[in-house]
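Student: The structure's right below; bear with me while I get my questions together.
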Amino acid sequence: GPRSTSPHGTACAEIVHDIAPGLDRMYLSEISTGLDVEVAIETMQAKGVRLISASFGWDNDTPMDGSGHLQGALASFRNAGGLYVQAAGNERNKTWWGRFSDSNGNGWADFQQGPTDEINSIINETDSYVDYPADRKLDALLTWNQWNAPATNLDLFLYYYDTTQAMWIKVADSTAPQDGRATQDPYESISHTTEKAGRYGISIRHVGGPTNVEMHLWIGTASSNYRPQFRTAAASL
């Protein structure tokens with residue numbers, strides 16, 4: 001595909017050079033997939049690189065517990081004496097982590113205290129409810145800690161608050177089945193372009209299987225001015 005025109009990678013390389021101006025040499029790798037990352041790590045290790053600074057991320061793509069698809073290449077690099085440093089924190093206002101809880105037993109996950117927190121609303125940077133603009137992307141990704149043959153079936157929903165009816169209206173959902181099959185993933189995703197300006201929110205429903213799961217929800221908005229009401233900065237990318 002086309003190469004990125006972003007100055008981000010160059011700026012990161014400049015920072016590294018400013019911190020360590022005596023470097024003997026520096027290698028730069030442009031990546032767009034997990035396979036690109038794996039190849040870059042292996043190539044740099046073969047060239048004798050001892051420090052890798054990585055500034056990228058794919059939301060909800062791995063368990064984020066050291067068992068993801070890059071673990072083999074990373075373990076080999078570390079065992080050879082290398083230090084791998086990964087950027088983190090950019091997604092702190094887009095991420096929610098939590099164990100499934102359903103205080104009123106209706107099947108919908110509580111994001112915080114109880115049944116009044118079953119919808120994670122999109123708010124602004126001052127933590128106030130806000131009208132999300134029309135004709136803008138709104139994305140949501142949900143994963144949970146059953147990466148092999150997930151036995152828990154969770155569904156993901158996007159709602160719009162209709163002020164004339166004073167109620168939440170479903171505008172999109174993700175309802176892939178999970179019933180313990182090895183070919184399934186603990187993954188639900190929504191990518192929606194809003195038709196109306198207004199208040200939007202995300203909900204998670206338990207359909208079947210064990211409820212003792214840790215969930216990871218990422219919500220992508222049109223700009224950094226918008227974020228989910230309930231967020232968990234810890235462990236975010």
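Order determines the names: the first chain of the structure tokens is A, the second B, and so forth; residues in each chain are numbered 1 upward, and ligands are numbered 1 upward as they are shown.
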Using only C-alpha atoms, find each residue in region 139-211 of chain A having at least one atom no more than 7 Å away from region 116-131 of chain A; report its shortest atom-to-atom pair and that distance in Å (one decimal), rows by chain then rising number, as a Markdown table.
Tutor:
| residue | atom | partner | partner_atom | distance |
| --- | --- | --- | --- | --- |
| A:Ala197 | CA | A:Asp131 | CA | 5.8 |
| A:Gly198 | CA | A:Asp131 | CA | 4.0 |
| A:Arg199 | CA | A:Asp131 | CA | 5.0 |
| A:Tyr200 | CA | A:Ile122 | CA | 5.7 |
| A:Gly201 | CA | A:Ser121 | CA | 3.9 |
| A:Ile202 | CA | A:Asn120 | CA | 5.0 |
| A:Ser203 | CA | A:Ile119 | CA | 4.9 |
Student: Go ahead and write the selection's residues with all heavy atoms as a CSV table (one decimal), in the first residue's frame.
Tutor:
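As a result, part.csv now contains:
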chain,number,residue,atom,x,y,z
A,197,ALA,N,-26.7,13.8,14.7
A,197,ALA,CA,-26.0,14.3,15.8
A,197,ALA,C,-26.8,14.0,17.1
A,197,ALA,O,-28.0,14.0,17.1
A,197,ALA,CB,-25.7,15.8,15.7
A,198,GLY,N,-26.1,13.7,18.2
A,198,GLY,CA,-26.8,13.4,19.4
A,198,GLY,C,-25.9,12.5,20.3
A,198,GLY,O,-24.7,12.3,20.1
A,199,ARG,N,-26.6,12.0,21.3
A,199,ARG,CA,-25.9,11.3,22.4
A,199,ARG,C,-25.8,9.8,22.0
A,199,ARG,O,-26.8,9.2,21.6
A,199,ARG,CB,-26.6,11.4,23.7
A,199,ARG,CG,-25.9,10.7,24.9
A,199,ARG,CD,-26.6,11.1,26.2
A,199,ARG,NE,-26.2,10.2,27.3
A,199,ARG,CZ,-26.9,10.1,28.4
A,199,ARG,NH1,-27.9,10.9,28.6
A,199,ARG,NH2,-26.4,9.3,29.4
A,200,TYR,N,-24.6,9.2,22.1
A,200,TYR,CA,-24.4,7.8,21.7
A,200,TYR,C,-23.8,7.0,22.9
A,200,TYR,O,-23.1,7.7,23.7
A,200,TYR,CB,-23.5,7.7,20.5
A,200,TYR,CG,-24.2,8.1,19.2
A,200,TYR,CD1,-24.2,9.4,18.8
A,200,TYR,CD2,-24.8,7.1,18.4
A,200,TYR,CE1,-24.9,9.8,17.6
A,200,TYR,CE2,-25.4,7.5,17.2
A,200,TYR,CZ,-25.5,8.9,16.8
A,200,TYR,OH,-26.1,9.2,15.7
A,201,GLY,N,-24.0,5.7,22.9
A,201,GLY,CA,-23.4,5.0,24.0
A,201,GLY,C,-23.2,3.5,23.6
A,201,GLY,O,-23.9,3.0,22.6
A,202,ILE,N,-22.4,2.8,24.3
A,202,ILE,CA,-22.0,1.4,24.0
A,202,ILE,C,-22.5,0.5,25.2
A,202,ILE,O,-22.4,0.9,26.4
A,202,ILE,CB,-20.5,1.2,23.9
A,202,ILE,CG1,-20.0,2.0,22.6
A,202,ILE,CG2,-20.1,-0.3,23.8
A,202,ILE,CD1,-20.4,1.4,21.3
A,203,SER,N,-23.1,-0.7,24.8
A,203,SER,CA,-23.5,-1.6,25.9
A,203,SER,C,-22.9,-3.0,25.5
A,203,SER,O,-22.7,-3.3,24.3
A,203,SER,CB,-25.0,-1.7,26.0
A,203,SER,OG,-25.5,-0.6,26.7
Student: Region 170-222 of chain A near region 91-114 of chain A within 6 Å: what's each residue's closest atom pair and its distance in Å to one decimal, counting only C-alpha atoms, ordered by chain then ascending residue number, as a Markdown table?
Tutor:
| residue | atom | partner | partner_atom | distance |
| --- | --- | --- | --- | --- |
| A:Ile204 | CA | A:Ala109 | CA | 5.5 |
| A:Arg205 | CA | A:Trp108 | CA | 4.5 |
| A:His206 | CA | A:Gly107 | CA | 5.1 |
| A:Val213 | CA | A:Arg99 | CA | 5.7 |
| A:Glu214 | CA | A:Arg99 | CA | 4.3 |
| A:Met215 | CA | A:Gly98 | CA | 5.3 |
| A:His216 | CA | A:Trp97 | CA | 4.6 |
| A:Leu217 | CA | A:Trp96 | CA | 5.1 |
| A:Trp218 | CA | A:Thr95 | CA | 4.6 |
| A:Ile219 | CA | A:Lys94 | CA | 5.2 |
Student: Would you output that residue set with C-alpha atoms, as a CSV table (one decimal), in the first residue's frame?
Tutor:
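Contents of again_6.csv, as written:
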chain,number,residue,atom,x,y,z
A,204,ILE,CA,-22.3,-5.2,26.4
A,205,ARG,CA,-24.8,-8.1,26.7
A,206,HIS,CA,-24.0,-11.6,28.1
A,213,VAL,CA,-14.5,-13.0,32.3
A,214,GLU,CA,-12.2,-9.9,32.1
A,215,MET,CA,-13.4,-7.6,29.3
A,216,HIS,CA,-11.4,-5.1,27.3
A,217,LEU,CA,-13.4,-2.4,25.4
A,218,TRP,CA,-11.9,0.2,23.1
A,219,ILE,CA,-14.0,3.0,21.7
Student: Quick one: pick out all strand (DSSP E) residues within region 103-176 of chain A from a backbone DSSP run and write them as number ranges by chain.
Tutor: A: 120-124, 137-144, 153-162, 167-174
Student: Run DSSP on the backbone and give me the residues of region 33-145 of chain A it puts in alpha helix (DSSP H), as a list in words.
Tutor: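 Alpha helix (DSSP H) members of region 33-145 of chain A, listed: Gly34, Leu35, Asp36, Val37, Glu38, Val39, Ala40, Ile41, Glu42, Thr43, Met44, Gln45, Ala46, Gln71, Gly72, Ala73, Leu74, Ala75, Ser76, Phe77, Arg78 and Asn79 of chain A.
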Student: Could you turn the residues from that selection into a file that holds N, CA and C atoms, as a PDB file, in the first residue's frame?
Tutor:
ATOM      1  N   GLY A  34       1.164  -6.927  11.964  1.00  0.00           N
ATOM      2  CA  GLY A  34       1.900  -7.655  12.984  1.00  0.00           C
ATOM      3  C   GLY A  34       3.048  -8.461  12.400  1.00  0.00           C
ATOM      4  N   LEU A  35       2.846  -9.003  11.201  1.00  0.00           N
ATOM      5  CA  LEU A  35       3.914  -9.754  10.552  1.00  0.00           C
ATOM      6  C   LEU A  35       5.101  -8.843  10.248  1.00  0.00           C
ATOM      7  N   ASP A  36       4.821  -7.593   9.834  1.00  0.00           N
ATOM      8  CA  ASP A  36       5.895  -6.632   9.589  1.00  0.00           C
ATOM      9  C   ASP A  36       6.720  -6.415  10.861  1.00  0.00           C
ATOM     10  N   VAL A  37       6.031  -6.329  12.001  1.00  0.00           N
ATOM     11  CA  VAL A  37       6.728  -6.120  13.274  1.00  0.00           C
ATOM     12  C   VAL A  37       7.628  -7.303  13.590  1.00  0.00           C
ATOM     13  N   GLU A  38       7.096  -8.507  13.425  1.00  0.00           N
ATOM     14  CA  GLU A  38       7.872  -9.716  13.710  1.00  0.00           C
ATOM     15  C   GLU A  38       9.121  -9.782  12.843  1.00  0.00           C
ATOM     16  N   VAL A  39       8.957  -9.498  11.553  1.00  0.00           N
ATOM     17  CA  VAL A  39      10.102  -9.514  10.637  1.00  0.00           C
ATOM     18  C   VAL A  39      11.111  -8.440  11.021  1.00  0.00           C
ATOM     19  N   ALA A  40      10.628  -7.243  11.404  1.00  0.00           N
ATOM     20  CA  ALA A  40      11.528  -6.150  11.780  1.00  0.00           C
ATOM     21  C   ALA A  40      12.336  -6.521  13.014  1.00  0.00           C
ATOM     22  N   ILE A  41      11.700  -7.137  14.016  1.00  0.00           N
ATOM     23  CA  ILE A  41      12.413  -7.536  15.232  1.00  0.00           C
ATOM     24  C   ILE A  41      13.496  -8.558  14.894  1.00  0.00           C
ATOM     25  N   GLU A  42      13.132  -9.562  14.105  1.00  0.00           N
ATOM     26  CA  GLU A  42      14.096 -10.602  13.744  1.00  0.00           C
ATOM     27  C   GLU A  42      15.243 -10.046  12.912  1.00  0.00           C
ATOM     28  N   THR A  43      14.938  -9.122  11.995  1.00  0.00           N
ATOM     29  CA  THR A  43      15.977  -8.516  11.159  1.00  0.00           C
ATOM     30  C   THR A  43      16.936  -7.682  11.986  1.00  0.00           C
ATOM     31  N   MET A  44      16.391  -6.887  12.901  1.00  0.00           N
ATOM     32  CA  MET A  44      17.244  -6.043  13.739  1.00  0.00           C
ATOM     33  C   MET A  44      18.104  -6.885  14.678  1.00  0.00           C
ATOM     34  N   GLN A  45      17.540  -7.953  15.198  1.00  0.00           N
ATOM     35  CA  GLN A  45      18.327  -8.834  16.055  1.00  0.00           C
ATOM     36  C   GLN A  45      19.497  -9.427  15.269  1.00  0.00           C
ATOM     37  N   ALA A  46      19.241  -9.818  14.023  1.00  0.00           N
ATOM     38  CA  ALA A  46      20.300 -10.390  13.190  1.00  0.00           C
ATOM     39  C   ALA A  46      21.399  -9.377  12.892  1.00  0.00           C
ATOM     40  N   GLN A  71       5.047 -12.795  20.630  1.00  0.00           N
ATOM     41  CA  GLN A  71       5.790 -13.270  21.788  1.00  0.00           C
ATOM     42  C   GLN A  71       7.064 -14.013  21.401  1.00  0.00           C
ATOM     43  N   GLY A  72       7.008 -14.831  20.339  1.00  0.00           N
ATOM     44  CA  GLY A  72       8.184 -15.591  19.937  1.00  0.00           C
ATOM     45  C   GLY A  72       9.349 -14.703  19.552  1.00  0.00           C
ATOM     46  N   ALA A  73       9.088 -13.714  18.690  1.00  0.00           N
ATOM     47  CA  ALA A  73      10.144 -12.805  18.254  1.00  0.00           C
ATOM     48  C   ALA A  73      10.656 -11.952  19.406  1.00  0.00           C
ATOM     49  N   LEU A  74       9.747 -11.495  20.274  1.00  0.00           N
ATOM     50  CA  LEU A  74      10.144 -10.665  21.413  1.00  0.00           C
ATOM     51  C   LEU A  74      10.974 -11.457  22.414  1.00  0.00           C
ATOM     52  N   ALA A  75      10.571 -12.699  22.688  1.00  0.00           N
ATOM     53  CA  ALA A  75      11.313 -13.528  23.633  1.00  0.00           C
ATOM     54  C   ALA A  75      12.718 -13.808  23.122  1.00  0.00           C
ATOM     55  N   SER A  76      12.829 -14.079  21.830  1.00  0.00           N
ATOM     56  CA  SER A  76      14.148 -14.335  21.244  1.00  0.00           C
ATOM     57  C   SER A  76      15.040 -13.099  21.367  1.00  0.00           C
ATOM     58  N   PHE A  77      14.468 -11.927  21.111  1.00  0.00           N
ATOM     59  CA  PHE A  77      15.244 -10.681  21.190  1.00  0.00           C
ATOM     60  C   PHE A  77      15.693 -10.409  22.622  1.00  0.00           C
ATOM     61  N   ARG A  78      14.772 -10.588  23.584  1.00  0.00           N
ATOM     62  CA  ARG A  78      15.122 -10.354  24.989  1.00  0.00           C
ATOM     63  C   ARG A  78      16.159 -11.372  25.479  1.00  0.00           C
ATOM     64  N   ASN A  79      16.000 -12.618  25.099  1.00  0.00           N
ATOM     65  CA  ASN A  79      16.941 -13.658  25.533  1.00  0.00           C
ATOM     66  C   ASN A  79      18.339 -13.437  24.968  1.00  0.00           C
TER      67      ASN A  79
END
Student: Which polymer residues have any atom within 9 Å of an atom of region 167-181 of chain A, counting only C-alpha atoms, with same-chain residues fewer than 3 positions away left out, as a compact mmCIF listing (two decimals) with all heavy atoms, in the first residue's frame?
Tutor:
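Dumped everything to selection.txt:
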# COMPACT_ATOMS: atom_id res chain seq x y z
N ASN A 148 -8.65 -18.90 23.51
CA ASN A 148 -8.69 -20.22 22.89
C ASN A 148 -10.05 -20.85 23.15
O ASN A 148 -10.41 -21.12 24.29
CB ASN A 148 -7.58 -21.12 23.44
CG ASN A 148 -6.20 -20.59 23.12
OD1 ASN A 148 -5.88 -20.34 21.96
ND2 ASN A 148 -5.38 -20.40 24.15
N ALA A 149 -10.82 -21.05 22.08
CA ALA A 149 -12.14 -21.67 22.18
C ALA A 149 -13.02 -20.96 23.22
O ALA A 149 -13.37 -21.54 24.26
CB ALA A 149 -12.02 -23.15 22.51
N PRO A 150 -13.40 -19.70 22.98
CA PRO A 150 -14.17 -18.94 23.98
C PRO A 150 -15.52 -19.58 24.29
O PRO A 150 -16.32 -19.84 23.38
CB PRO A 150 -14.35 -17.57 23.31
CG PRO A 150 -14.20 -17.84 21.84
CD PRO A 150 -13.19 -18.93 21.74
N ALA A 151 -15.77 -19.83 25.58
CA ALA A 151 -17.02 -20.45 26.01
C ALA A 151 -18.07 -19.41 26.39
O ALA A 151 -19.26 -19.74 26.53
CB ALA A 151 -16.76 -21.37 27.19
N THR A 152 -17.64 -18.16 26.61
CA THR A 152 -18.57 -17.08 26.97
C THR A 152 -18.98 -16.33 25.71
O THR A 152 -18.12 -15.92 24.92
CB THR A 152 -17.93 -16.13 27.97
OG1 THR A 152 -17.63 -16.84 29.18
CG2 THR A 152 -18.86 -14.97 28.29
N ASN A 153 -20.26 -16.14 25.55
CA ASN A 153 -20.79 -15.44 24.38
C ASN A 153 -21.23 -14.04 24.81
O ASN A 153 -22.18 -13.89 25.58
CB ASN A 153 -21.98 -16.21 23.80
CG ASN A 153 -22.43 -15.67 22.45
OD1 ASN A 153 -21.81 -14.75 21.90
ND2 ASN A 153 -23.49 -16.24 21.91
N LEU A 154 -20.51 -13.02 24.33
CA LEU A 154 -20.86 -11.63 24.60
C LEU A 154 -21.19 -10.92 23.29
O LEU A 154 -20.60 -11.21 22.25
CB LEU A 154 -19.69 -10.91 25.28
CG LEU A 154 -19.22 -11.44 26.63
CD1 LEU A 154 -18.03 -10.64 27.13
CD2 LEU A 154 -20.35 -11.39 27.65
N ASP A 155 -22.13 -10.00 23.34
CA ASP A 155 -22.50 -9.19 22.18
C ASP A 155 -22.28 -7.71 22.49
O ASP A 155 -22.32 -7.29 23.66
CB ASP A 155 -23.96 -9.41 21.79
CG ASP A 155 -24.20 -10.79 21.19
OD1 ASP A 155 -23.22 -11.41 20.75
OD2 ASP A 155 -25.37 -11.23 21.18
N LEU A 156 -22.06 -6.93 21.44
CA LEU A 156 -21.74 -5.51 21.57
C LEU A 156 -22.78 -4.68 20.84
O LEU A 156 -23.18 -5.01 19.71
CB LEU A 156 -20.34 -5.26 21.00
CG LEU A 156 -19.72 -3.87 21.14
CD1 LEU A 156 -19.48 -3.55 22.61
CD2 LEU A 156 -18.40 -3.83 20.37
N PHE A 157 -23.22 -3.57 21.47
CA PHE A 157 -24.29 -2.76 20.90
C PHE A 157 -23.94 -1.27 20.95
O PHE A 157 -23.34 -0.80 21.93
CB PHE A 157 -25.60 -2.98 21.66
CG PHE A 157 -26.12 -4.38 21.56
CD1 PHE A 157 -25.67 -5.37 22.42
CD2 PHE A 157 -27.06 -4.72 20.59
CE1 PHE A 157 -26.14 -6.66 22.33
CE2 PHE A 157 -27.54 -6.02 20.50
CZ PHE A 157 -27.08 -7.00 21.37
N LEU A 158 -24.35 -0.54 19.91
CA LEU A 158 -24.23 0.91 19.87
C LEU A 158 -25.63 1.50 19.87
O LEU A 158 -26.49 1.10 19.07
CB LEU A 158 -23.47 1.36 18.62
CG LEU A 158 -23.40 2.87 18.38
CD1 LEU A 158 -22.61 3.57 19.48
CD2 LEU A 158 -22.77 3.17 17.01
N TYR A 159 -25.85 2.47 20.77
CA TYR A 159 -27.17 3.09 20.92
C TYR A 159 -27.11 4.60 20.67
O TYR A 159 -26.09 5.24 20.89
CB TYR A 159 -27.72 2.85 22.33
CG TYR A 159 -28.20 1.44 22.58
CD1 TYR A 159 -27.35 0.49 23.13
CD2 TYR A 159 -29.50 1.07 22.26
CE1 TYR A 159 -27.79 -0.81 23.36
CE2 TYR A 159 -29.96 -0.22 22.49
CZ TYR A 159 -29.08 -1.15 23.04
OH TYR A 159 -29.53 -2.42 23.25
N TYR A 160 -28.26 5.11 20.21
CA TYR A 160 -28.48 6.55 20.04
C TYR A 160 -29.64 6.94 20.94
O TYR A 160 -30.67 6.24 20.98
CB TYR A 160 -28.80 6.86 18.58
CG TYR A 160 -29.36 8.24 18.33
CD1 TYR A 160 -28.52 9.35 18.25
CD2 TYR A 160 -30.73 8.44 18.16
CE1 TYR A 160 -29.04 10.62 18.01
CE2 TYR A 160 -31.26 9.70 17.92
CZ TYR A 160 -30.41 10.78 17.86
OH TYR A 160 -30.92 12.04 17.63
N TYR A 161 -29.48 8.06 21.67
CA TYR A 161 -30.55 8.48 22.57
C TYR A 161 -31.53 9.38 21.81
O TYR A 161 -31.19 10.49 21.40
CB TYR A 161 -30.01 9.22 23.78
CG TYR A 161 -31.07 9.47 24.83
CD1 TYR A 161 -31.52 8.44 25.65
CD2 TYR A 161 -31.64 10.72 24.98
CE1 TYR A 161 -32.51 8.64 26.59
CE2 TYR A 161 -32.63 10.95 25.93
CZ TYR A 161 -33.06 9.89 26.72
OH TYR A 161 -34.05 10.12 27.66
N ASP A 162 -32.75 8.89 21.64
CA ASP A 162 -33.81 9.63 20.95
C ASP A 162 -34.52 10.53 21.97
O ASP A 162 -35.25 10.03 22.84
CB ASP A 162 -34.79 8.65 20.31
CG ASP A 162 -35.79 9.34 19.39
OD1 ASP A 162 -36.26 10.45 19.74
OD2 ASP A 162 -36.10 8.77 18.34
N THR A 163 -34.30 11.81 21.86
CA THR A 163 -34.87 12.74 22.85
C THR A 163 -36.38 12.85 22.73
O THR A 163 -37.07 13.14 23.71
CB THR A 163 -34.24 14.13 22.70
OG1 THR A 163 -34.41 14.58 21.34
CG2 THR A 163 -32.76 14.10 23.02
N THR A 164 -36.93 12.63 21.53
CA THR A 164 -38.39 12.74 21.37
C THR A 164 -39.11 11.58 22.06
O THR A 164 -40.22 11.74 22.59
CB THR A 164 -38.78 12.77 19.88
OG1 THR A 164 -38.33 11.57 19.24
CG2 THR A 164 -38.15 13.97 19.19
N GLN A 184 -13.42 -19.98 16.85
CA GLN A 184 -14.05 -18.72 17.22
C GLN A 184 -13.07 -17.83 17.99
O GLN A 184 -12.06 -18.29 18.53
CB GLN A 184 -15.29 -18.99 18.08
CG GLN A 184 -16.36 -19.77 17.34
CD GLN A 184 -17.48 -20.23 18.24
OE1 GLN A 184 -17.31 -20.38 19.46
NE2 GLN A 184 -18.66 -20.45 17.67
N ASP A 185 -13.39 -16.55 18.03
CA ASP A 185 -12.56 -15.58 18.75
C ASP A 185 -13.41 -14.83 19.77
O ASP A 185 -14.60 -14.57 19.52
CB ASP A 185 -11.94 -14.56 17.79
CG ASP A 185 -10.98 -15.20 16.81
OD1 ASP A 185 -10.10 -15.95 17.27
OD2 ASP A 185 -11.11 -14.95 15.59
N PRO A 186 -12.81 -14.41 20.89
CA PRO A 186 -13.53 -13.58 21.87
C PRO A 186 -13.49 -12.12 21.41
O PRO A 186 -12.83 -11.27 22.01
CB PRO A 186 -12.71 -13.80 23.15
CG PRO A 186 -11.32 -13.99 22.65
CD PRO A 186 -11.44 -14.71 21.34
N TYR A 187 -14.23 -11.85 20.38
CA TYR A 187 -14.06 -10.57 19.67
C TYR A 187 -15.39 -10.13 19.08
O TYR A 187 -16.06 -10.89 18.39
CB TYR A 187 -13.03 -10.76 18.56
CG TYR A 187 -12.64 -9.51 17.81
CD1 TYR A 187 -11.59 -8.72 18.26
CD2 TYR A 187 -13.29 -9.14 16.64
CE1 TYR A 187 -11.21 -7.58 17.56
CE2 TYR A 187 -12.92 -8.00 15.94
CZ TYR A 187 -11.88 -7.23 16.40
OH TYR A 187 -11.51 -6.10 15.72
N GLU A 188 -15.76 -8.87 19.36
CA GLU A 188 -16.90 -8.22 18.73
C GLU A 188 -16.48 -6.82 18.30
O GLU A 188 -15.70 -6.16 19.00
CB GLU A 188 -18.10 -8.13 19.69
CG GLU A 188 -18.62 -9.46 20.22
CD GLU A 188 -19.33 -10.30 19.17
OE1 GLU A 188 -19.63 -9.78 18.07
OE2 GLU A 188 -19.57 -11.50 19.45
N SER A 189 -16.96 -6.37 17.16
CA SER A 189 -16.53 -5.06 16.66
C SER A 189 -17.67 -4.35 15.95
O SER A 189 -18.50 -4.97 15.29
CB SER A 189 -15.33 -5.21 15.71
OG SER A 189 -15.72 -5.88 14.52
N ILE A 190 -17.69 -3.03 16.12
CA ILE A 190 -18.66 -2.17 15.45
C ILE A 190 -17.90 -1.02 14.79
O ILE A 190 -17.03 -0.41 15.41
CB ILE A 190 -19.69 -1.60 16.45
CG1 ILE A 190 -20.61 -2.70 16.96
CG2 ILE A 190 -20.52 -0.47 15.82
CD1 ILE A 190 -21.55 -2.24 18.07
N SER A 191 -18.25 -0.73 13.55
CA SER A 191 -17.75 0.45 12.86
C SER A 191 -18.95 1.13 12.22
O SER A 191 -19.56 0.61 11.29
CB SER A 191 -16.70 0.09 11.80
OG SER A 191 -16.16 1.25 11.21
N HIS A 192 -19.31 2.29 12.75
CA HIS A 192 -20.58 2.92 12.39
C HIS A 192 -20.35 4.39 12.04
O HIS A 192 -19.57 5.09 12.70
CB HIS A 192 -21.56 2.82 13.56
CG HIS A 192 -22.89 3.47 13.31
ND1 HIS A 192 -23.85 2.91 12.50
CD2 HIS A 192 -23.41 4.64 13.76
CE1 HIS A 192 -24.91 3.69 12.48
NE2 HIS A 192 -24.67 4.76 13.23
N THR A 194 -22.29 7.84 11.95
CA THR A 194 -23.51 8.38 12.55
C THR A 194 -24.37 9.10 11.51
O THR A 194 -23.86 9.82 10.66
CB THR A 194 -23.17 9.37 13.68
OG1 THR A 194 -22.31 10.40 13.17
CG2 THR A 194 -22.43 8.65 14.81
N TYR A 200 -24.61 9.19 22.08
CA TYR A 200 -24.40 7.79 21.72
C TYR A 200 -23.77 7.05 22.89
O TYR A 200 -23.10 7.65 23.74
CB TYR A 200 -23.51 7.67 20.48
CG TYR A 200 -24.18 8.08 19.19
CD1 TYR A 200 -24.23 9.43 18.81
CD2 TYR A 200 -24.79 7.14 18.37
CE1 TYR A 200 -24.87 9.81 17.64
CE2 TYR A 200 -25.42 7.51 17.20
CZ TYR A 200 -25.46 8.85 16.83
OH TYR A 200 -26.10 9.24 15.67
N GLY A 201 -23.97 5.75 22.92
CA GLY A 201 -23.39 4.95 23.98
C GLY A 201 -23.23 3.50 23.58
O GLY A 201 -23.87 3.02 22.63
N GLY A 208 -24.46 -16.08 26.86
CA GLY A 208 -24.35 -17.43 27.40
C GLY A 208 -22.94 -17.74 27.85
O GLY A 208 -22.00 -17.02 27.54
N GLY A 209 -22.80 -18.83 28.61
CA GLY A 209 -21.49 -19.25 29.08
C GLY A 209 -21.10 -18.62 30.39
O GLY A 209 -21.86 -17.83 30.99
